[in-house]
Amino acid sequence: MSHIVNVLLIGAGEINFGSVEGPWNHTLRLEKILGSRLRVVALVDPDRSRATDALNSKLRSAVPEAWKDCALFPTVADAAASIPPQSVPHIAIVGAPPFVRGTDIPGQDLELQLVNAFPKCALFVEKPVSSGPEDPCWRVAQKFAASRTLVGVGYMLRYLKAVQMIKRIISDYGLVVMGTNARYVMAYEWARKPAWWDKARSGGRDLSRYFGGDVLLPSVVAHTVQHSEPPGRLSATRFDEGPIPAENRLPRLTSATWKYAGGAVGTLTHVIALHGTTYDTELEVYADGWHFKLVDPYSTPKLCVRRPGSAEVEVHTFTGDDPFYTELATFVDVVEGRRESEGVLSSYEDAIKTYELTWAIRRASERAAEDYI
Ligand SMILES: NC(=O)c1ccc[n+]([C@@H]2O[C@H](COP(=O)([O-])OP(=O)(O)OC[C@H]3O[C@@H](n4cnc5c(N)ncnc54)[C@H](O)[C@@H]3O)[C@@H](O)[C@H]2O)c1
């Protein structure tokens, strides 16, 4: 690959350009990783004014050179028709909403449009892989395999130093994971973006799978506390949930368990309960003689480790660890051949399996709600 890295951005929204809601901002990381080697060749977004605003803010930013030739297009087809040969993208960052991608259905097939338009381009796709049924995602995965496209998915927590420390200990000591226990307790008071209250759950499942392995999907059992039940009444919401249809409103608590193919058991508790803004998130991993507890992976991760032969817990705190930076820096390294493809910790197939678990939990919880609520 040439010294210059041509990047195509899909989506002018928060994941690519940042938000006050969180630390995500792929373009900021790319600027840091690639510096003067970055060339953003185009930004595709049907929302012309949002794309224009995003580009203008970059042209005023610290690395205008990277952005000066960036063209705006409403569709991938328009970009493909106009991008000159020297600007053909090496990497596309797919930060569009999940309902326009992850399938082979026209209009919801961004990845396939990209593979057809730019066959040599590597794709970094945001999570979740889709918002529709799971089967079409597998057909997309088959197309990727056939075209030998390098794809990474943005499950960034896998790149945390704390997560990699657990992985390393498991590998060094030949441990067999016995169980995973993920807790994701949301502080809802200031979560006012209605999309966050629609049934799109986050957190927990992907890291559980990263340690537990493949899930036996029919084994998933789940129960919920629904918004309409007495324990599900929330007193501190600061937006009107009324316009969200009742059946789409998030359960206040979801408790799920499942069996992994390797024999371990997984547990996930997702709760919307806390006031203020500070979430309470934790992942535990158990193995013979060992207990790992990862606390607060989304801000300053802390890893508590209890080893065999000692009841004392060692605590490691990881300040300044930026998983968004590491996931993209790793992806760039793999694209440029400095690292093996195993460096990409979330492949498309693997991300589909996380997506399948999400659906299995949702379906199991909805079945249980029909029986018990
Ligand atoms: N990894 C993380 O922590 C993280 C954080 C935020 C968002 N995300 C993911 O990133 C994705 C985008 O989220 P967001 O917050 O940036 O959303 P957003 O709504 O802020 O922005 C999405 C943009 O995509 C554009 N778009 C819609 N259809 C398109 C198409 N066919 N082609 C190109 N652009 C199109 C929209 O006009 C919009 O500007 C979602 O899948 C979300 O889950 C991940």
# chains A, B, ... in the order shown; residues from 1 in each chain; ligands from 1

call {"tool": "select_by_dssp", "arguments": {"residues": "region 167-286 of chain A", "states": "helix (DSSP H, G or I)", "output": "list in words"}}
result
Lys167, Arg168, Ile169, Ile170, Ser171, Asp172, Pro194, Ala195, Trp196, Trp197, Arg205, Asp206, Leu207, Ser208, Arg209, Tyr210, Phe211, Gly212, Leu217, Pro218, Ser219, Pro230, Pro231, Gly232, Ala246, Glu247 and Asn248 of chain A

call {"tool": "residues_near_ligand", "arguments": {"ligand": "ligand 1", "cutoff": "9 Å", "atoms": "only C-alpha atoms and all ligand atoms", "output": "ChimeraX atom specification"}}
result
/A:9-19,21-25,43-48,50-51,73-76,94-101,107-110,125-131,153-157,200,202,324

call {"tool": "atom_distance", "arguments": {"atom1": "CA of Lys68 (chain A)", "atom2": "CA of Arg37 (chain A)"}}
result
13.1 Å

call {"tool": "closest_residue", "arguments": {"among": "A:Leu303, A:Gly132, A:Arg148, A:Tyr355", "to": "Ile105 (chain A)", "atoms": "only C-alpha atoms"}}
result
A:Gly132

call {"tool": "residues_around", "arguments": {"residues": "Tyr298 (chain A)", "least_positions_apart": "3", "cutoff": "9 Å", "atoms": "only C-alpha atoms", "output": "list of chain:residue names"}}
result
A:Leu157, A:Tyr279, A:Thr281, A:Val295, A:Pro301

call {"tool": "write_last_selection", "arguments": {"atoms": "C-alpha atoms", "output": "tab-separated table (two decimals), in the first residue's frame"}}
result
chain	number	residue	atom	x	y	z
A	157	LEU	CA	-13.92	-3.28	24.64
A	279	TYR	CA	-23.21	3.68	34.98
A	281	THR	CA	-20.83	-2.07	34.67
A	295	VAL	CA	-15.11	-3.01	36.76
A	301	PRO	CA	-11.22	0.03	33.83

call {"tool": "residues_around", "arguments": {"residues": "Glu134 (chain A)", "least_positions_apart": "5", "cutoff": "10 Å", "atoms": "only C-alpha atoms", "output": "short mmCIF file (atom, residue, chain, number, x, y, z; two decimals) with N, CA, C and O atoms, in the first residue's frame"}}
result
data_model
loop_
_atom_site.label_atom_id
_atom_site.label_comp_id
_atom_site.auth_asym_id
_atom_site.auth_seq_id
_atom_site.Cartn_x
_atom_site.Cartn_y
_atom_site.Cartn_z
N GLY A 102 -25.87 -4.79 6.77
CA GLY A 102 -25.92 -6.12 7.38
C GLY A 102 -26.83 -7.10 6.67
O GLY A 102 -27.07 -8.20 7.17
N THR A 103 -27.34 -6.73 5.47
CA THR A 103 -28.18 -7.68 4.73
C THR A 103 -27.81 -7.62 3.24
O THR A 103 -27.00 -6.79 2.82
N VAL A 129 -24.14 -5.50 13.91
CA VAL A 129 -23.97 -5.72 12.48
C VAL A 129 -25.22 -5.41 11.66
O VAL A 129 -25.14 -5.16 10.47
N ARG A 139 -25.32 -14.32 5.04
CA ARG A 139 -25.09 -14.25 3.58
C ARG A 139 -24.08 -13.15 3.26
O ARG A 139 -23.24 -13.30 2.37
N ILE A 352 -21.54 -11.36 14.25
CA ILE A 352 -22.89 -11.91 13.98
C ILE A 352 -23.31 -12.79 15.16
O ILE A 352 -24.46 -12.78 15.59
N LYS A 353 -22.35 -13.54 15.71
CA LYS A 353 -22.70 -14.42 16.84
C LYS A 353 -23.14 -13.62 18.06
O LYS A 353 -24.03 -14.04 18.80
N TYR A 355 -24.60 -10.75 17.80
CA TYR A 355 -25.92 -10.26 17.39
C TYR A 355 -26.97 -11.37 17.57
O TYR A 355 -28.09 -11.11 18.04
N GLU A 356 -26.58 -12.60 17.24
CA GLU A 356 -27.51 -13.72 17.44
C GLU A 356 -27.86 -13.90 18.92
O GLU A 356 -29.00 -14.20 19.27
N TRP A 359 -30.45 -11.38 19.95
CA TRP A 359 -31.80 -11.77 19.53
C TRP A 359 -32.33 -12.93 20.36
O TRP A 359 -33.51 -12.98 20.71
#

call {"tool": "closest_residue", "arguments": {"among": "A:Ser171, A:Thr149, A:Thr52, A:Ser219", "to": "Ala122 (chain A)", "atoms": "only C-alpha atoms"}}
result
A:Thr149

call {"tool": "atom_distance", "arguments": {"atom1": "CA of Lys259 (chain A)", "atom2": "CA of Leu216 (chain A)"}}
result
5.8 Å

call {"tool": "select_by_dssp", "arguments": {"residues": "region 61-149 of chain A", "states": "strand (DSSP E)", "output": "PyMOL selection string"}}
result
chain A and resi 71-73+91-94+122-125

call {"tool": "residues_around", "arguments": {"residues": "region 204-207 of chain A", "least_positions_apart": "5", "cutoff": "7 Å", "atoms": "only C-alpha atoms", "output": "list of chain:residue names"}}
result
A:Arg158, A:Ala182, A:Arg183, A:Tyr184, A:Leu268, A:Thr354

call {"tool": "residues_around", "arguments": {"residues": "Glu189 (chain A)", "least_positions_apart": "2", "cutoff": "10 Å", "atoms": "only C-alpha atoms", "output": "mmCIF file with C-alpha atoms, in the first residue's frame"}}
result
data_model
loop_
_atom_site.group_PDB
_atom_site.id
_atom_site.type_symbol
_atom_site.label_atom_id
_atom_site.label_comp_id
_atom_site.auth_asym_id
_atom_site.auth_seq_id
_atom_site.Cartn_x
_atom_site.Cartn_y
_atom_site.Cartn_z
ATOM 1 C CA MET A 186 -27.559 2.121 33.314
ATOM 2 C CA ALA A 187 -27.864 5.509 35.031
ATOM 3 C CA ALA A 191 -30.216 9.606 29.091
ATOM 4 C CA ARG A 192 -32.649 11.650 27.069
ATOM 5 C CA LEU A 234 -38.983 5.048 36.915
ATOM 6 C CA SER A 235 -39.272 8.350 38.774
ATOM 7 C CA ALA A 236 -36.418 10.391 37.286
ATOM 8 C CA THR A 237 -36.767 10.189 33.502
ATOM 9 C CA ARG A 238 -36.160 13.557 31.872
ATOM 10 C CA PHE A 239 -37.835 12.928 28.547
ATOM 11 C CA ILE A 272 -32.108 0.669 33.889
ATOM 12 C CA ALA A 273 -32.261 1.838 37.485
ATOM 13 C CA LEU A 274 -29.646 4.305 38.614
ATOM 14 C CA HIS A 275 -30.009 8.068 38.828
ATOM 15 C CA GLY A 276 -27.317 10.597 37.904
ATOM 16 C CA THR A 277 -24.997 9.821 35.004
ATOM 17 C CA THR A 278 -22.576 7.182 36.290
#

call {"tool": "atom_distance", "arguments": {"atom1": "CA of His270 (chain A)", "atom2": "CA of Val140 (chain A)"}}
result
29.5 Å

call {"tool": "closest_residue", "arguments": {"among": "A:Gln113, A:Val40, A:Phe144, A:Ser347", "to": "Leu59 (chain A)", "atoms": "only C-alpha atoms"}}
result
A:Val40
